[in-house]
Structures are given as C-alpha cells and as structure tokens.
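S.K.: Contents of data21.cif (mmCIF, C-alpha atoms and all ligand atoms) are below:
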data_structure
loop_
_atom_site.group_PDB
_atom_site.id
_atom_site.type_symbol
_atom_site.label_atom_id
_atom_site.label_comp_id
_atom_site.auth_asym_id
_atom_site.auth_seq_id
_atom_site.Cartn_x
_atom_site.Cartn_y
_atom_site.Cartn_z
ATOM 1 C CA MET P 17 73.225 87.135 110.851
ATOM 2 C CA PRO P 18 73.853 83.387 110.385
ATOM 3 C CA GLU P 19 77.245 82.619 111.895
ATOM 4 C CA ALA P 20 79.530 79.625 111.396
ATOM 5 C CA LEU P 21 82.114 78.501 113.939
ATOM 6 C CA ILE P 22 85.524 77.797 112.401
ATOM 7 C CA VAL P 23 87.731 75.655 114.627
ATOM 8 C CA VAL P 24 91.303 75.890 113.366
ATOM 9 C CA ASP P 25 93.819 73.049 113.686
ATOM 10 C CA VAL P 26 93.022 71.627 117.141
ATOM 11 C CA GLN P 27 95.361 68.709 116.426
ATOM 12 C CA ARG P 28 97.745 66.646 118.527
ATOM 13 C CA ASP P 29 100.876 68.138 116.939
ATOM 14 C CA PHE P 30 99.866 71.643 118.117
ATOM 15 C CA CYS P 31 99.297 70.440 121.682
ATOM 16 C CA PRO P 32 101.908 69.747 124.397
ATOM 17 C CA GLY P 33 103.966 66.695 123.398
ATOM 18 C CA GLY P 34 103.291 67.343 119.699
ATOM 19 C CA ALA P 35 105.766 68.224 116.962
ATOM 20 C CA LEU P 36 104.864 71.943 116.864
ATOM 21 C CA ALA P 37 103.419 72.302 120.334
ATOM 22 C CA VAL P 38 101.653 75.515 121.260
ATOM 23 C CA ALA P 39 101.970 76.211 125.010
ATOM 24 C CA ASP P 40 98.737 75.112 126.738
ATOM 25 C CA GLY P 41 97.220 74.324 123.329
ATOM 26 C CA ASP P 42 95.242 71.447 124.823
ATOM 27 C CA THR P 43 93.632 73.637 127.491
ATOM 28 C CA ILE P 44 91.303 75.286 124.961
ATOM 29 C CA VAL P 45 89.440 72.058 124.187
ATOM 30 C CA PRO P 46 86.665 72.472 126.817
ATOM 31 C CA ALA P 47 86.010 76.057 125.652
ATOM 32 C CA VAL P 48 85.992 74.974 121.998
ATOM 33 C CA ASN P 49 83.587 72.153 122.830
ATOM 34 C CA ARG P 50 81.223 74.601 124.564
ATOM 35 C CA LEU P 51 81.201 76.758 121.423
ATOM 36 C CA LEU P 52 80.659 73.665 119.265
ATOM 37 C CA ALA P 53 77.669 72.676 121.395
ATOM 38 C CA THR P 54 75.767 75.857 120.501
ATOM 39 C CA ALA P 55 77.126 76.622 117.018
ATOM 40 C CA GLY P 56 74.613 76.680 114.198
ATOM 41 C CA ARG P 57 77.154 75.348 111.740
ATOM 42 C CA ALA P 58 80.667 74.271 112.600
ATOM 43 C CA VAL P 59 83.697 73.747 110.383
ATOM 44 C CA LEU P 60 86.896 72.085 111.585
ATOM 45 C CA THR P 61 90.167 72.641 109.778
ATOM 46 C CA GLN P 62 93.021 70.190 109.816
ATOM 47 C CA ASP P 63 96.609 71.040 108.863
ATOM 48 C CA TRP P 64 97.416 68.119 106.557
ATOM 49 C CA HIS P 65 100.838 67.973 104.907
ATOM 50 C CA PRO P 66 102.651 65.464 102.694
ATOM 51 C CA PRO P 67 105.890 64.142 104.309
ATOM 52 C CA ASP P 68 108.079 66.268 102.000
ATOM 53 C CA HIS P 69 106.059 69.471 102.399
ATOM 54 C CA CYS P 70 107.829 72.714 101.489
ATOM 55 C CA SER P 71 107.104 74.198 104.948
ATOM 56 C CA PHE P 72 109.254 71.576 106.695
ATOM 57 C CA HIS P 73 112.870 72.529 107.472
ATOM 58 C CA THR P 74 113.796 68.959 106.536
ATOM 59 C CA SER P 75 112.775 69.683 102.937
ATOM 60 C CA HIS P 76 115.552 72.316 102.754
ATOM 61 C CA PRO P 77 118.944 70.777 103.639
ATOM 62 C CA GLY P 78 120.925 72.892 106.071
ATOM 63 C CA ARG P 79 117.928 74.885 107.281
ATOM 64 C CA VAL P 80 116.677 74.897 110.852
ATOM 65 C CA PRO P 81 113.167 75.303 112.289
ATOM 66 C CA PHE P 82 111.799 78.872 112.381
ATOM 67 C CA GLU P 83 114.210 80.075 109.688
ATOM 68 C CA ARG P 84 112.506 82.088 106.955
ATOM 69 C CA ILE P 85 113.083 81.522 103.247
ATOM 70 C CA VAL P 86 111.778 83.284 100.165
ATOM 71 C CA VAL P 87 109.475 81.272 97.895
ATOM 72 C CA PRO P 88 107.819 82.413 94.620
ATOM 73 C CA HIS P 89 104.684 83.690 96.391
ATOM 74 C CA GLY P 90 106.484 85.365 99.298
ATOM 75 C CA GLU P 91 108.088 84.278 102.540
ATOM 76 C CA GLN P 92 107.890 80.842 104.114
ATOM 77 C CA VAL P 93 108.684 80.076 107.741
ATOM 78 C CA LEU P 94 110.334 76.662 108.028
ATOM 79 C CA TRP P 95 108.611 74.520 110.644
ATOM 80 C CA PRO P 96 109.468 71.287 112.360
ATOM 81 C CA VAL P 97 107.833 68.351 110.574
ATOM 82 C CA HIS P 98 104.215 68.426 111.766
ATOM 83 C CA CYS P 99 100.717 67.260 110.842
ATOM 84 C CA VAL P 100 101.851 64.747 108.252
ATOM 85 C CA ALA P 101 98.726 63.402 106.558
ATOM 86 C CA GLY P 102 97.396 60.297 108.243
ATOM 87 C CA THR P 103 99.771 60.316 111.238
ATOM 88 C CA ASP P 104 98.730 60.459 114.913
ATOM 89 C CA GLY P 105 100.094 63.994 115.103
ATOM 90 C CA ALA P 106 97.673 65.130 112.422
ATOM 91 C CA ALA P 107 94.677 63.695 114.279
ATOM 92 C CA PHE P 108 92.318 66.004 116.148
ATOM 93 C CA HIS P 109 92.840 66.329 119.889
ATOM 94 C CA PRO P 110 91.059 63.225 121.235
ATOM 95 C CA ALA P 111 88.739 65.275 123.472
ATOM 96 C CA LEU P 112 87.590 67.597 120.671
ATOM 97 C CA ASP P 113 83.888 67.072 119.981
ATOM 98 C CA THR P 114 84.330 66.490 116.245
ATOM 99 C CA ASP P 115 80.845 64.975 115.922
ATOM 100 C CA ARG P 116 79.390 68.478 116.009
ATOM 101 C CA ALA P 117 81.120 69.556 112.789
ATOM 102 C CA ALA P 118 79.357 69.732 109.430
ATOM 103 C CA LEU P 119 82.592 70.023 107.474
ATOM 104 C CA VAL P 120 86.225 69.018 107.967
ATOM 105 C CA LEU P 121 88.510 71.039 105.734
ATOM 106 C CA ARG P 122 92.090 69.901 105.184
ATOM 107 C CA LYS P 123 94.673 72.475 104.167
ATOM 108 C CA GLY P 124 98.347 72.565 103.232
ATOM 109 C CA CYS P 125 97.865 69.335 101.303
ATOM 110 C CA ARG P 126 99.951 70.327 98.275
ATOM 111 C CA ARG P 127 103.704 69.813 98.574
ATOM 112 C CA GLY P 128 104.763 73.118 97.034
ATOM 113 C CA ILE P 129 102.639 75.589 98.978
ATOM 114 C CA ASP P 130 101.584 76.119 102.577
ATOM 115 C CA SER P 131 98.107 77.197 103.684
ATOM 116 C CA TYR P 132 97.801 79.089 106.947
ATOM 117 C CA SER P 133 94.363 80.427 106.145
ATOM 118 C CA ALA P 134 91.247 78.282 105.990
ATOM 119 C CA PHE P 135 90.199 80.336 102.929
ATOM 120 C CA PHE P 136 93.278 80.641 100.702
ATOM 121 C CA GLU P 137 96.612 78.954 100.201
ATOM 122 C CA ASN P 138 99.635 81.120 100.962
ATOM 123 C CA ASP P 139 99.684 82.646 97.473
ATOM 124 C CA ARG P 140 96.538 84.412 98.847
ATOM 125 C CA LEU P 141 94.821 83.503 95.545
ATOM 126 C CA THR P 142 94.071 79.783 95.462
ATOM 127 C CA PRO P 143 90.784 79.157 97.295
ATOM 128 C CA THR P 144 90.333 76.182 99.607
ATOM 129 C CA GLY P 145 86.606 76.098 98.859
ATOM 130 C CA LEU P 146 85.493 77.297 102.298
ATOM 131 C CA HIS P 147 84.161 80.618 101.016
ATOM 132 C CA GLY P 148 81.971 78.808 98.482
ATOM 133 C CA TYR P 149 80.726 76.435 101.167
ATOM 134 C CA LEU P 150 79.783 79.243 103.548
ATOM 135 C CA ARG P 151 78.123 81.226 100.758
ATOM 136 C CA ASP P 152 76.058 78.181 99.792
ATOM 137 C CA HIS P 153 74.760 78.095 103.361
ATOM 138 C CA ALA P 154 74.063 81.852 103.471
ATOM 139 C CA ILE P 155 76.600 82.369 106.266
ATOM 140 C CA ASP P 156 77.672 85.995 106.640
ATOM 141 C CA ALA P 157 79.487 85.894 109.981
ATOM 142 C CA VAL P 158 82.179 83.661 111.431
ATOM 143 C CA ALA P 159 83.633 83.019 114.869
ATOM 144 C CA VAL P 160 87.213 81.757 114.624
ATOM 145 C CA VAL P 161 88.980 79.815 117.394
ATOM 146 C CA GLY P 162 91.789 77.268 117.709
ATOM 147 C CA LEU P 163 95.545 77.021 117.152
ATOM 148 C CA ALA P 164 97.556 78.979 116.668
ATOM 149 C CA LEU P 165 96.087 82.425 117.315
ATOM 150 C CA ASP P 166 99.076 84.197 115.731
ATOM 151 C CA TRP P 167 99.277 81.961 112.650
ATOM 152 C CA CYS P 168 96.391 79.991 111.215
ATOM 153 C CA VAL P 169 93.646 81.593 113.320
ATOM 154 C CA MET P 170 94.891 85.084 112.443
ATOM 155 C CA HIS P 171 95.254 84.365 108.713
ATOM 156 C CA SER P 172 91.820 82.730 108.586
ATOM 157 C CA ALA P 173 90.160 85.624 110.413
ATOM 158 C CA VAL P 174 91.918 88.279 108.317
ATOM 159 C CA ASP P 175 90.888 86.542 105.079
ATOM 160 C CA ALA P 176 87.302 86.146 106.316
ATOM 161 C CA ALA P 177 87.148 89.882 107.018
ATOM 162 C CA ARG P 178 88.667 90.598 103.602
ATOM 163 C CA LEU P 179 85.929 88.444 102.036
ATOM 164 C CA GLY P 180 83.274 90.522 103.775
ATOM 165 C CA TYR P 181 82.238 88.331 106.707
ATOM 166 C CA HIS P 182 81.603 89.787 110.113
ATOM 167 C CA VAL P 183 84.408 88.169 112.116
ATOM 168 C CA ARG P 184 85.015 87.579 115.796
ATOM 169 C CA VAL P 185 87.899 85.729 117.383
ATOM 170 C CA VAL P 186 87.220 84.230 120.810
ATOM 171 C CA GLU P 187 90.634 84.476 122.441
ATOM 172 C CA SER P 188 89.846 82.235 125.413
ATOM 173 C CA ALA P 189 89.419 79.403 122.906
ATOM 174 C CA CYS P 190 92.798 80.116 121.234
ATOM 175 C CA ARG P 191 96.473 79.831 122.168
ATOM 176 C CA ALA P 192 99.454 81.385 120.368
ATOM 177 C CA ILE P 193 102.946 80.326 119.291
ATOM 178 C CA ASP P 194 104.180 83.861 120.145
ATOM 179 C CA HIS P 195 107.520 83.721 118.321
ATOM 180 C CA GLU P 196 109.401 87.048 118.081
ATOM 181 C CA GLY P 197 106.393 89.251 118.816
ATOM 182 C CA SER P 198 104.011 87.376 116.540
ATOM 183 C CA LEU P 199 101.112 87.511 119.013
ATOM 184 C CA ALA P 200 101.153 91.309 119.340
ATOM 185 C CA ALA P 201 101.482 91.619 115.560
ATOM 186 C CA ALA P 202 98.559 89.251 115.035
ATOM 187 C CA ARG P 203 96.303 91.205 117.411
ATOM 188 C CA ALA P 204 97.188 94.426 115.575
ATOM 189 C CA ALA P 205 96.474 92.845 112.168
ATOM 190 C CA LEU P 206 93.120 91.542 113.404
ATOM 191 C CA ARG P 207 92.049 94.901 114.838
ATOM 192 C CA ASP P 208 93.208 96.601 111.638
ATOM 193 C CA ARG P 209 90.854 94.405 109.635
ATOM 194 C CA GLY P 210 87.902 95.119 111.900
ATOM 195 C CA VAL P 211 87.914 91.691 113.524
ATOM 196 C CA VAL P 212 86.234 91.714 116.940
ATOM 197 C CA LEU P 213 88.547 90.279 119.601
ATOM 198 C CA GLU P 214 86.523 88.709 122.392
ATOM 199 C CA ARG P 215 87.733 87.221 125.628
HETATM 200 C C1 LIG D 301 100.137 76.363 111.847
HETATM 201 C C2 LIG D 301 102.364 76.748 111.504
HETATM 202 C C3 LIG D 301 102.405 75.762 110.537
HETATM 203 C C4 LIG D 301 98.879 76.710 112.592
HETATM 204 C C5 LIG D 301 100.148 75.387 110.868
HETATM 205 O O1 LIG D 301 97.924 75.902 112.588
HETATM 206 O O2 LIG D 301 98.845 77.801 113.199
HETATM 207 N N1 LIG D 301 101.230 77.045 112.145
HETATM 208 N N2 LIG D 301 101.295 75.093 110.224
HETATM 209 ZN ZN ZN D 302 101.442 73.400 108.916
#
For this file, produce the structure as structure tokens.
Ligand code: VGL
Ligand code: ZN

M.R.:
Amino acid sequence: MPEALIVVDVQRDFCPGGALAVADGDTIVPAVNRLLATAGRAVLTQDWHPPDHCSFHTSHPGRVPFERIVVPHGEQVLWPVHCVAGTDGAAFHPALDTDRAALVLRKGCRRGIDSYSAFFENDRLTPTGLHGYLRDHAIDAVAVVGLALDWCVMHSAVDAARLGYHVRVVESACRAIDHEGSLAAARAALRDRGVVLER
C-alpha cells in the first residue's frame, strides 16, 4: 500500500508568535521531520492567501476574529489576517525539513473562497489537484500531520477518506486550535470517516 505523507500548514503564522498561533505548534517539527525522513513520498501544504482574502475578518468591516458568517457555499469562520502570500508568516517553520518534499501545494489562493482541505476548496467541489497527483503516483494511503489538527488536518484527512484513501493521522505530529470544542468534534469526525488516529 504505497503511502504519501501530507504535512499540513507547518508555517510561522500557525506557530507561537504568529498571526494565528496554535499552542505549541512549533513543538511538532522534530516529529514531522522524523516522518519526513522515512516517507516514500511527501507533500507539504502551505496556506497562501491574498491580502484581501474572504477568510480575514478585516475583509468584512465590523467583524471580529472567530465570528462566523454565511457565504454562498456555506459557513466561513473569520480569522485574523494570516499566511498572506509571500510574507514571513506564510513561510514554512524554519526548522521544517522541506528538502524532503516532492510537492508543495498552496491552498486558499483565491480571494473569494477558503480552502481548509488539501484536496478541495471549501465549496467541497473545486479540486486542488492533489488527488490527481497522488493517483498519478499510484498512492492509495496517506498519513496526515501538521496544523491545525481540528481544521486543515481534519478536513484534509476527511476528504482523503471520502476519496477512498486509507488514512491515518499521527496526533503526536499535530496540534489543535481547540476553539469551542473543535478538537473533540474533529476527532469524532475523523473516527466517523474511518480515519485511524495514531499517537
Ligand atoms: C487553518 C484556519 C485558517 C489551518 C488555515 O491550517 O488549520 N486554519 N486557515
Ligand atoms: Zn487560512
């Protein structure tokens, strides 16, 4: 069962001191690097937004971070400005062993729609191209790690399972935002989809 490692959004803005810091987000880097060292094929994703992205609270006057709004394809959480394309905050954590990756996939690049999942934009329909890439390399299993467990890792793993991959999430190489019960909900969604949760 050829497996790919998908490393989700291990970027400065999701680490302590960053714009959308995940508690202890930086502490996963050694564990991620160990997985990268033995992975057959590794893909890194990078959250990569234009400065006026629709997911930023600043793009909606009067709104505050973590408020939810309704958009044509569903609900959108409004985030602090983060991972603006080309900025230091959007860069990978400096200790991440990016040399090991075969592919760097940027997501959330279009102003009008967010992309939590590495496979689909948030309309759940528009592909990022990752499924095609993995299919071309005869990959049928994925291990998903990174930031944040309860957002982009969860959505990526759920979509991978939906697409028919065997999916495991290595929790020791993830950290969560854990806003209003989101971590417990994410674990339930992952188990529901048959994703294997590993320590
Ligand atoms: C993420 C919120 C907004 C993530 C990205 O990588 O989990 N979360 N953009
Ligand atoms: Zn984002």

S.K.: Counting only C-alpha atoms and all ligand atoms, give me one row per residue of chain P with an atom at most 6 Å from an atom of ligand LIG 301 (chain D), showing the shortest contact pair and its distance in Å to one decimal, sorted by chain then residue number, as CSV.

M.R.:
residue,atom,partner,partner_atom,distance
P:Asp25,CA,D:LIG301,O1,5.1
P:Asp63,CA,D:LIG301,C5,6.0
P:Tyr132,CA,D:LIG301,C5,5.9
P:Leu163,CA,D:LIG301,O2,5.2
P:Ala164,CA,D:LIG301,O2,3.9
P:Trp167,CA,D:LIG301,O2,4.2
P:Cys168,CA,D:LIG301,O2,3.8

S.K.: Check which residues satisfy the PyMOL selection byres (((not hetatm)) within 7 of (chain D and resi 302)) in the file shown, then give them as number ranges by chain.

M.R.: P: 63, 65, 71, 98-99, 124, 130

S.K.: With distances taken over all atoms listed in the file, which residue among P:Gly56, P:Pro88, P:Pro77, P:Gly197 lies nearest Ala154 of chain P?

M.R.: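 The closest residue to Ala154 of chain P is P:Gly56.
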
S.K.: Could you list the residues chosen by the PyMOL selection byres (((chain P and resi 160) around 8) and not hetatm) in this structure as a PyMOL selection string?

M.R.: chain P and resi 21-24+158-159+161-162+169+172-173+183-186

S.K.: Going by the chain IDs and residue numbers used in this file, which residues fall under the PyMOL selection byres (((chain P and resi 157) around 6) and not hetatm)? Write them as an NGL selection string.

M.R.: :P and (19 or 155-156 or 158 or 181-183)

S.K.: Interatomic distance between atom CA of Val174 of chain P and atom CA of Thr144 of chain P?

M.R.: 15.0 Å

S.K.: Go through P:Leu121, P:Val93, P:Phe30, P:Val87 and flag the residue nearest His73 of chain P, using all atoms listed in the file for the distances.

M.R.: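 When distances to His73 of chain P are compared using all atoms listed in the file, the smallest one comes from P:Val93.
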
S.K.: As lines of an AutoDock Vina configuration file, please: the centre and edge lengths in Å, to one decimal, of an axis-aligned box enclosing every listed atom of segment 66-85 of chain P with 4 Å added on each side.

M.R.:
center_x = 111.8
center_y = 73.1
center_z = 106.9
size_x = 26.3
size_y = 25.9
size_z = 18.9
